[in-house]
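Quick look at work11.txt (compact mmCIF, C-alpha atoms):
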```
# COMPACT_ATOMS: atom_id res chain seq x y z
CA MET A 92 -22.85 14.03 5.22
CA LYS A 93 -23.93 10.55 6.26
CA LEU A 94 -22.53 8.20 3.62
CA ALA A 95 -23.13 4.49 3.00
CA TYR A 96 -20.51 2.59 0.99
CA PHE A 97 -21.80 -0.59 -0.70
CA SER A 98 -19.05 -3.10 -1.45
CA GLY A 99 -18.73 -6.64 -2.70
CA SER A 100 -15.46 -7.11 -0.81
CA THR A 101 -14.62 -9.68 1.81
CA LEU A 102 -12.74 -8.28 4.83
CA PRO A 103 -9.96 -9.12 5.27
CA SER A 104 -8.99 -10.34 1.82
CA ARG A 105 -5.95 -10.73 -0.40
CA GLN A 106 -7.76 -9.00 -3.24
CA ALA A 107 -6.89 -5.44 -4.26
CA ASN A 108 -10.57 -4.43 -4.28
CA SER A 109 -10.68 -4.71 -0.49
CA VAL A 110 -7.65 -2.40 -0.16
CA HIS A 111 -9.32 0.10 -2.50
CA VAL A 112 -12.56 0.04 -0.51
CA MET A 113 -10.88 0.48 2.88
CA LYS A 114 -8.67 3.33 1.65
CA MET A 115 -11.63 5.14 0.08
CA CYS A 116 -13.79 4.83 3.20
CA ARG A 117 -10.90 6.13 5.32
CA SER A 118 -10.52 9.08 2.95
CA PHE A 119 -14.26 9.87 2.83
CA ALA A 120 -14.25 9.92 6.63
CA SER A 121 -11.21 12.20 6.68
CA LEU A 122 -13.35 14.70 4.76
CA ASP A 123 -15.59 14.84 7.85
CA HIS A 124 -18.29 12.55 6.48
CA GLU A 125 -19.92 9.88 8.64
CA VAL A 126 -19.16 6.69 6.74
CA THR A 127 -20.52 3.16 7.07
CA LEU A 128 -19.01 0.43 4.91
CA TYR A 129 -21.21 -2.56 4.04
CA ALA A 130 -19.18 -5.67 3.25
CA THR A 131 -18.81 -9.28 4.32
CA GLY A 132 -16.31 -10.68 6.81
CA GLU A 133 -14.90 -9.05 9.93
CA THR A 134 -15.02 -5.57 11.43
CA ASP A 135 -11.65 -5.50 13.22
CA VAL A 136 -9.55 -5.15 10.07
CA PHE A 137 -8.22 -1.59 10.26
CA ASP A 138 -4.68 -2.58 11.30
CA TYR A 139 -4.60 -5.27 8.61
CA TYR A 140 -5.07 -2.56 5.96
CA GLY A 141 -3.05 0.08 7.77
CA VAL A 142 -5.90 2.61 7.92
CA GLU A 143 -7.31 4.73 10.72
CA LYS A 144 -10.45 3.52 12.47
CA ASN A 145 -12.47 6.58 11.48
CA PHE A 146 -15.47 4.87 9.88
CA ASN A 147 -17.91 2.09 10.71
CA ILE A 148 -18.12 -1.36 9.16
CA CYS A 149 -21.41 -3.22 8.96
CA THR A 150 -20.86 -6.86 8.03
CA VAL A 151 -23.45 -8.61 5.91
CA LYS A 152 -23.52 -12.39 5.62
CA ARG A 153 -22.93 -13.71 2.12
CA PRO A 154 -25.53 -16.37 1.23
CA ASN A 155 -24.50 -19.81 0.06
CA ILE A 156 -26.97 -20.26 -2.77
CA ARG A 157 -25.21 -21.19 -5.98
CA GLY A 158 -25.91 -18.84 -8.87
CA LEU A 159 -27.56 -16.22 -6.67
CA ILE A 160 -24.80 -15.35 -4.20
CA GLY A 161 -23.99 -11.94 -5.64
CA ILE A 162 -27.60 -10.88 -6.14
CA LEU A 163 -28.84 -12.00 -2.72
CA PHE A 164 -25.79 -10.55 -0.99
CA ALA A 165 -26.46 -7.19 -2.65
CA TYR A 166 -30.10 -7.34 -1.60
CA ARG A 167 -29.05 -8.00 2.00
CA ILE A 168 -26.70 -4.99 1.89
CA VAL A 169 -29.48 -2.68 0.75
CA ARG A 170 -31.92 -4.14 3.26
CA ALA A 171 -29.42 -3.55 6.07
CA ALA A 172 -28.74 0.03 4.94
CA LYS A 173 -32.45 0.73 4.72
CA LYS A 174 -32.59 0.64 8.54
CA GLU A 175 -30.39 3.75 8.66
CA SER A 176 -30.90 7.26 7.32
CA PHE A 177 -28.20 8.10 4.79
CA ASP A 178 -27.75 11.25 2.73
CA THR A 179 -25.79 9.56 -0.08
CA ILE A 180 -24.82 6.07 -1.18
CA TYR A 181 -21.47 5.34 -2.79
CA SER A 182 -21.44 1.91 -4.40
CA ARG A 183 -18.89 -0.40 -6.03
CA ASN A 184 -21.44 -3.21 -6.14
CA LEU A 185 -23.49 -3.55 -9.34
CA TYR A 186 -26.49 -5.35 -7.88
CA ALA A 187 -26.51 -3.27 -4.69
CA SER A 188 -26.65 -0.20 -6.94
CA PHE A 189 -29.56 -1.82 -8.81
CA PHE A 190 -31.54 -2.45 -5.61
CA SER A 191 -30.68 0.95 -4.11
CA ARG A 192 -32.62 2.70 -6.90
CA LYS A 193 -35.75 2.16 -4.79
CA LEU A 194 -34.36 3.77 -1.63
CA ASN A 195 -34.94 7.29 -2.92
CA ILE A 196 -31.40 8.24 -1.85
CA PRO A 197 -28.92 9.88 -4.26
CA PHE A 198 -26.17 7.44 -5.19
CA ILE A 199 -22.84 7.32 -7.02
CA PHE A 200 -21.88 4.12 -8.81
CA GLU A 201 -18.17 3.33 -9.26
CA VAL A 202 -17.43 1.03 -12.19
CA HIS A 203 -14.24 -1.00 -12.66
CA GLY A 204 -15.23 -2.91 -15.79
CA MET A 205 -17.89 -3.66 -18.35
CA PRO A 206 -20.90 -5.87 -17.57
CA ASN A 207 -19.86 -9.41 -18.54
CA ASN A 208 -23.22 -11.12 -19.02
CA ALA A 209 -26.78 -10.29 -20.05
CA LEU A 210 -28.10 -9.99 -16.49
CA GLN A 211 -25.34 -7.58 -15.50
CA LEU A 212 -26.01 -5.50 -18.61
CA ILE A 213 -29.72 -5.26 -17.77
CA ALA A 214 -28.90 -4.18 -14.22
CA PHE A 215 -26.36 -1.65 -15.49
CA LYS A 216 -28.87 -0.06 -17.86
CA LYS A 217 -31.49 0.15 -15.12
CA ILE A 218 -28.95 1.88 -12.87
CA ILE A 219 -27.99 4.55 -15.39
CA LYS A 220 -31.65 5.32 -16.03
CA SER A 221 -32.36 5.87 -12.33
CA LYS A 222 -33.44 9.37 -11.32
CA ASN A 223 -31.41 8.96 -8.11
CA LEU A 224 -28.10 8.31 -9.88
CA ILE A 225 -25.72 11.25 -9.40
CA LYS A 226 -22.99 9.97 -11.70
CA LEU A 227 -20.81 7.05 -12.73
CA VAL A 228 -17.19 6.98 -11.60
CA VAL A 229 -14.83 4.99 -13.83
CA ILE A 230 -11.17 4.07 -13.32
CA SER A 231 -9.81 5.12 -16.71
CA THR A 232 -10.60 7.28 -19.71
CA ALA A 233 -10.46 4.10 -21.77
CA LEU A 234 -13.28 2.55 -19.72
CA LYS A 235 -15.39 5.69 -20.13
CA LYS A 236 -14.94 5.48 -23.90
CA ILE A 237 -15.82 1.78 -24.00
CA ILE A 238 -18.99 2.34 -21.95
CA LEU A 239 -20.13 5.19 -24.21
CA GLU A 240 -19.40 3.18 -27.35
CA ASN A 241 -21.21 0.04 -26.20
CA ILE A 242 -24.05 1.32 -24.01
CA PRO A 243 -25.93 4.16 -25.75
CA GLU A 244 -28.03 4.84 -22.64
CA ALA A 245 -24.87 6.09 -20.91
CA GLN A 246 -24.72 9.14 -23.18
CA THR A 247 -27.08 11.01 -20.85
CA VAL A 248 -25.18 10.21 -17.64
CA GLN A 249 -22.32 12.13 -16.05
CA ILE A 250 -19.25 9.91 -16.18
CA GLN A 251 -16.22 10.95 -14.15
CA VAL A 252 -12.77 9.44 -14.57
CA ALA A 253 -10.93 8.78 -11.30
CA HIS A 254 -7.82 6.65 -11.60
CA ASP A 255 -6.69 4.56 -8.67
CA ALA A 256 -4.56 6.10 -5.94
CA ALA A 257 -2.04 5.47 -3.18
CA ASP A 258 -0.87 6.77 0.16
CA LEU A 259 2.23 8.89 -0.23
CA LYS A 260 5.04 7.13 1.66
CA PRO A 261 8.47 7.17 0.06
CA LEU A 262 10.69 4.36 1.30
CA PRO A 263 14.40 4.57 2.19
CA PRO A 264 17.12 3.44 -0.26
CA SER A 265 17.71 -0.28 -0.33
CA ASN A 266 21.44 -0.14 0.51
CA SER A 267 21.79 -3.62 -0.98
CA LYS A 268 25.10 -4.60 -2.59
CA ARG A 269 23.37 -6.06 -5.64
CA LEU A 270 20.71 -4.31 -7.70
CA THR A 271 17.41 -5.60 -6.32
CA LEU A 272 14.13 -5.76 -8.24
CA ALA A 273 10.68 -6.59 -6.91
CA TYR A 274 7.27 -7.49 -8.25
CA VAL A 275 4.24 -7.11 -5.98
CA GLY A 276 0.88 -8.55 -6.98
CA SER A 277 -1.02 -11.57 -8.18
CA LEU A 278 0.65 -14.47 -9.97
CA TYR A 279 -2.12 -15.53 -12.32
CA GLN A 280 -2.47 -15.18 -16.08
CA GLY A 281 -1.30 -11.96 -17.68
CA ARG A 282 0.79 -10.70 -14.77
CA GLY A 283 4.12 -11.35 -16.49
CA ILE A 284 5.65 -13.75 -13.98
CA ASP A 285 7.05 -15.91 -16.77
CA LEU A 286 8.68 -12.78 -18.22
CA ILE A 287 10.33 -12.00 -14.88
CA LEU A 288 11.71 -15.55 -14.70
CA THR A 289 13.19 -15.19 -18.19
CA ILE A 290 14.72 -11.80 -17.36
CA ALA A 291 16.18 -13.06 -14.09
CA ALA A 292 17.91 -15.92 -15.92
CA LYS A 293 19.54 -13.36 -18.23
CA LEU A 294 20.62 -11.12 -15.33
CA PRO A 295 22.16 -13.42 -12.71
CA GLN A 296 24.05 -10.47 -11.19
CA TYR A 297 20.78 -8.99 -9.88
CA ASP A 298 18.31 -10.20 -7.25
CA PHE A 299 14.58 -10.56 -7.94
CA HIS A 300 11.84 -10.74 -5.31
CA ILE A 301 8.26 -11.78 -6.14
CA ILE A 302 5.68 -10.88 -3.52
CA GLY A 303 2.13 -12.20 -3.65
CA GLY A 304 0.14 -15.17 -4.89
CA SER A 305 -1.50 -18.17 -3.33
CA ASP A 306 0.51 -21.09 -1.94
CA GLN A 307 -0.43 -23.14 -5.00
CA GLU A 308 0.70 -20.41 -7.42
CA VAL A 309 3.98 -19.90 -5.57
CA SER A 310 4.63 -23.64 -5.62
CA PHE A 311 4.03 -23.74 -9.39
CA TRP A 312 6.40 -20.87 -10.21
CA GLN A 313 9.12 -21.90 -7.76
CA LYS A 314 9.73 -25.04 -9.80
CA GLN A 315 10.87 -22.80 -12.67
CA LYS A 316 12.86 -20.17 -10.79
CA THR A 317 16.57 -19.45 -10.96
CA SER A 318 18.80 -19.02 -7.92
CA ASN A 319 18.50 -15.20 -7.95
CA ILE A 320 14.71 -15.21 -7.46
CA VAL A 321 12.98 -15.31 -4.08
CA PHE A 322 9.22 -15.94 -3.78
CA HIS A 323 7.71 -14.47 -0.62
CA GLY A 324 4.07 -15.43 -1.13
CA PHE A 325 1.25 -13.27 0.15
CA ILE A 326 2.18 -10.44 2.54
CA PRO A 327 -0.54 -8.37 4.31
CA HIS A 328 -0.89 -4.93 2.79
CA SER A 329 0.23 -3.15 5.95
CA GLN A 330 3.54 -5.07 5.91
CA LEU A 331 4.52 -4.66 2.25
CA ASP A 332 6.75 -1.66 2.87
CA GLN A 333 9.21 -3.80 4.83
CA LEU A 334 10.00 -5.79 1.69
CA THR A 335 9.66 -3.16 -1.03
CA ALA A 336 12.03 -0.90 0.95
CA LYS A 337 14.77 -3.42 0.17
CA SER A 338 14.33 -3.03 -3.59
CA ASP A 339 15.83 -0.56 -6.07
CA ILE A 340 13.39 -1.11 -8.94
CA LEU A 341 9.75 -2.21 -9.03
CA LEU A 342 8.37 -4.19 -11.97
CA ALA A 343 4.88 -4.09 -13.51
CA PRO A 344 5.11 -6.48 -16.49
CA TYR A 345 1.37 -6.61 -17.31
CA GLN A 346 0.68 -8.57 -20.49
CA GLU A 347 -1.95 -8.29 -23.20
CA GLY A 348 -4.88 -10.34 -21.95
CA THR A 349 -4.34 -9.45 -18.28
CA LYS A 350 -7.27 -10.91 -16.37
CA THR A 351 -8.98 -10.09 -13.11
CA ILE A 352 -9.30 -12.73 -10.40
CA GLY A 353 -12.71 -13.52 -11.90
CA GLY A 354 -11.15 -14.28 -15.29
CA ILE A 355 -12.22 -11.06 -17.03
CA ASP A 356 -9.77 -9.53 -19.53
CA SER A 357 -9.23 -6.01 -18.19
CA THR A 358 -6.32 -4.99 -20.42
CA GLN A 359 -8.25 -2.27 -22.23
CA TRP A 360 -9.47 -0.34 -19.19
CA MET A 361 -7.57 -1.38 -16.03
CA SER A 362 -6.07 1.00 -13.46
CA PRO A 363 -3.88 -1.32 -11.37
CA LEU A 364 -3.55 -0.35 -7.72
CA LYS A 365 0.04 -1.63 -7.69
CA ILE A 366 1.07 0.95 -10.30
CA PHE A 367 0.11 3.79 -7.98
CA GLU A 368 1.61 2.15 -4.91
CA SER A 369 4.85 1.68 -6.83
CA MET A 370 4.85 5.36 -7.81
CA ALA A 371 4.26 6.33 -4.18
CA SER A 372 7.14 4.22 -2.87
CA GLY A 373 10.03 6.38 -4.05
CA LYS A 374 11.38 3.51 -6.15
CA ALA A 375 12.00 3.48 -9.90
CA LEU A 376 9.28 1.71 -11.89
CA ILE A 377 9.51 -0.30 -15.10
CA SER A 378 6.13 -1.11 -16.61
CA SER A 379 4.60 -2.54 -19.75
CA ASN A 380 3.58 0.18 -22.17
CA LEU A 381 -0.05 -0.89 -22.51
CA PRO A 382 -2.15 2.01 -23.85
CA VAL A 383 -4.38 2.33 -20.78
CA LEU A 384 -1.38 2.56 -18.43
CA LYS A 385 -0.07 5.52 -20.41
CA GLU A 386 -2.98 7.55 -19.05
CA VAL A 387 -0.86 7.73 -15.88
CA LEU A 388 2.66 6.63 -16.80
CA GLU A 389 5.03 8.59 -19.04
CA HIS A 390 8.12 6.98 -20.49
CA ASN A 391 11.41 8.29 -19.13
CA TYR A 392 9.57 10.72 -16.86
CA ASN A 393 7.85 8.81 -14.04
CA SER A 394 8.65 5.31 -15.30
CA ILE A 395 10.30 3.28 -18.01
CA LEU A 396 7.75 1.78 -20.41
CA ILE A 397 8.63 -1.37 -22.32
CA PRO A 398 6.68 -3.54 -24.82
CA PRO A 399 5.15 -6.36 -22.75
CA ASN A 400 6.84 -9.29 -24.50
CA ASP A 401 10.16 -7.76 -25.56
CA THR A 402 12.49 -9.60 -23.21
CA GLU A 403 15.64 -7.95 -24.50
CA ALA A 404 14.14 -4.47 -24.07
CA TRP A 405 13.31 -5.30 -20.43
CA VAL A 406 16.85 -6.53 -19.86
CA GLU A 407 18.30 -3.38 -21.42
CA ALA A 408 16.03 -1.10 -19.36
CA ILE A 409 17.02 -2.81 -16.12
CA THR A 410 20.70 -2.55 -17.00
CA GLN A 411 20.32 1.17 -17.72
CA LEU A 412 18.77 1.67 -14.30
CA GLU A 413 22.00 0.64 -12.62
CA ASP A 414 22.53 4.40 -12.66
CA GLU A 415 21.24 5.58 -9.28
CA ASN A 416 20.70 9.13 -10.57
CA VAL A 417 18.36 7.92 -13.29
CA ARG A 418 16.43 5.81 -10.80
CA GLN A 419 16.09 8.74 -8.45
CA ARG A 420 14.84 11.07 -11.17
CA LEU A 421 12.09 8.64 -12.18
CA ALA A 422 11.13 8.02 -8.56
CA ASP A 423 10.98 11.72 -7.70
CA ASN A 424 8.75 12.50 -10.67
CA ALA A 425 6.43 9.60 -9.81
CA LEU A 426 6.20 10.79 -6.21
CA ASP A 427 5.32 14.27 -7.38
CA ASP A 428 2.52 12.88 -9.57
CA ILE A 429 1.07 10.93 -6.65
CA LYS A 430 1.30 13.96 -4.37
CA THR A 431 -0.49 16.29 -6.79
CA LYS A 432 -2.97 13.96 -8.52
CA TYR A 433 -3.27 10.46 -7.13
CA THR A 434 -3.60 10.35 -3.33
CA TRP A 435 -6.64 8.61 -1.85
CA PHE A 436 -7.63 11.88 -0.19
CA GLU A 437 -7.63 13.74 -3.53
CA ARG A 438 -9.56 10.91 -5.14
CA ALA A 439 -12.20 11.03 -2.42
CA LYS A 440 -12.63 14.78 -2.91
CA LEU A 441 -12.85 14.32 -6.69
CA VAL A 442 -15.54 11.64 -6.73
CA LEU A 443 -17.75 13.32 -4.13
CA ASP A 444 -17.38 16.61 -5.98
CA ASN A 445 -19.98 19.00 -4.55
CA GLU A 446 -21.76 16.41 -2.41
CA SER A 447 -22.05 17.61 1.18
```
Structure encoded using structure tokens:
Amino acid sequence: MKLAYFSGSTLPSRQANSVHVMKMCRSFASLDHEVTLYATGETDVFDYYGVEKNFNICTVKRPNIRGLIGILFAYRIVRAAKKESFDTIYSRNLYASFFSRKLNIPFIFEVHGMPNNALQLIAFKKIIKSKNLIKLVVISTALKKIILENIPEAQTVQIQVAHDAADLKPLPPSNSKRLTLAYVGSLYQGRGIDLILTIAAKLPQYDFHIIGGSDQEVSFWQKQKTSNIVFHGFIPHSQLDQLTAKSDILLAPYQEGTKTIGGIDSTQWMSPLKIFESMASGKALISSNLPVLKEVLEHNYNSILIPPNDTEAWVEAITQLEDENVRQRLADNALDDIKTKYTWFERAKLVLDNES
């Protein structure tokens, strides 16, 4: 099958959406489909993301017209794809999905959140009424429920839940003399960085590593850190393993009100990429017990789940994971879940279903 992937991502980028897009295109291509990714930025980014060069990238220039950037960029994507002959379109771009209705090509629309303004809602409703729409793909059961409750038109559309995924690559033991904990991800509101700083102050016998964030964010948090915290700043995705391999425990302290980089509260429906990558690493994971995360995580089976703001409970959980056998049991179960349910390859097969 000749497949076009419509994305809003910039390549390369520090944002998780660009990792998701590159991994999915790689996986579609590994299913013997001819894949072309439409995005903005550069084409020589395969090593940056650590993926095989088994698909094509067509770069589309993002316009610099305030207020219309997203819409005009999407239009340019569809106009560029119109020059080719595709069997199916797979889209993570709302407005590109809207414009692609007129191409008379079957398309799948992947949704990572609710429309957040009136124009987006209009476009969304037009998309789900299109005769060419095969189905919606959503990242959590919670998001599917929210869409059905708030957009009656979606009742007639096939909606498939496909959580995020990861490449299966267990890392070696840390062999560090002190218990070492790591957080990988963004440093903005709702990510729990302040919680980690509080925990670290209470556990001076352990080392904490925080990986990610802009230079400005790192500078802000470093002013508040204790001596057992190291900030590494942003690390390219293909190089993360070198640091996470040195940890014993990974932390995912998402808070109520967790926001996307665009400022949207995604707490109710999110499927954080870092959760799956943590599970795939062979390291024990401690996470906040937000309801949507429990679609994937199970307390005392593949993770330890703690109330987001209960500092003492986080401290106690970390102390209990001094036991290497307990850490290994959690890590092994998480790895098994990734292997059987949450690899990128399995996700690609799931969302394409019977498309060929």
Margin query: When you look at Val387 (chain A) with a cut-off of 12 Å (counting only C-alpha atoms), what residues show up, excluding the ones that are within fewer than 2 positions of it in the same chain? I need them as a PyMOL selection string.
Written below: chain A and resi 230-233+253-256+361-364+366-367+370+378+380-385+389-390+392-394+396+424-425+428-429+432-433
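Distances here use all atoms listed in the file; by that measure, the residue among A:Ser369, A:Ser118, A:Gln296, A:Asn416 closest to Ser338 (chain A) is A:Ser369.
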Item checked: Local residues around (-8.1, 0.3, 11.1), at most 12 Å away, using all atoms listed in the file, as a PyMOL selection string -> chain A and resi 102-103+110+113-114+116-117+133-148+329
Note to self: At a cut-off of 12 Å around the point (-27.9, -1.6, -16.7) (file coordinates), what residues fall inside when counting only C-alpha atoms? I'd like the answer as a ChimeraX atom specification.
What the structure shows: /A:185-186,188-190,192,200,202,205-221,227,238,241-245
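Across the structure, CA of Pro261 (chain A) and CA of Ala375 (chain A) are spaced 11.2 Å apart.
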Next item on the list: May I ask which of the residues A:Asp258, A:Asp339, A:Asp298, A:Asp306 is the closest one to Ala371 (chain A), counting all atoms listed in the file?
Entry: A:Asp258
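Taking CA of Leu262 (chain A) as the reference point, CA of Ile290 (chain A) is found at 25.0 Å.
CA of Gln249 (chain A) is positioned 23.3 Å from CA of Gly99 (chain A).
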Need the shell around Ala343 (chain A): protein/DNA/RNA residues with any atom at most 7 Å away, counting only C-alpha atoms. Skip same-chain ones fewer than 2 positions apart. Format as an mmCIF file with C-alpha atoms, in the frame of the given file?
```cif
data_model
loop_
_atom_site.group_PDB
_atom_site.id
_atom_site.type_symbol
_atom_site.label_atom_id
_atom_site.label_comp_id
_atom_site.auth_asym_id
_atom_site.auth_seq_id
_atom_site.Cartn_x
_atom_site.Cartn_y
_atom_site.Cartn_z
ATOM 1 C CA TYR A 274 7.270 -7.490 -8.250
ATOM 2 C CA LEU A 341 9.750 -2.210 -9.030
ATOM 3 C CA TYR A 345 1.370 -6.610 -17.310
ATOM 4 C CA ILE A 377 9.510 -0.300 -15.100
ATOM 5 C CA SER A 378 6.130 -1.110 -16.610
ATOM 6 C CA SER A 379 4.600 -2.540 -19.750
#
```
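Among the candidates A:Leu94, A:Ile162, A:Ile196, A:Ala130, the one nearest to Ser109 (chain A) when counting only C-alpha atoms is A:Ala130.
Nearest residue to Gln307 (chain A) among A:Pro154, A:Gly324, A:Pro344, A:Pro295 is A:Gly324, counting all atoms listed in the file.
Near Ala291 (chain A), within a cut-off of 8 Å and counting all atoms listed in the file, sit the residues Tyr297, Asp298, Phe299, Thr317, Asn319 and Ile320 of chain A, with same-chain residues fewer than 5 positions away left out.
Residue nearest Thr101 (chain A), chosen from A:Asn391, A:Thr131, A:Gln359, A:Ser372 and counting only C-alpha atoms: A:Thr131.
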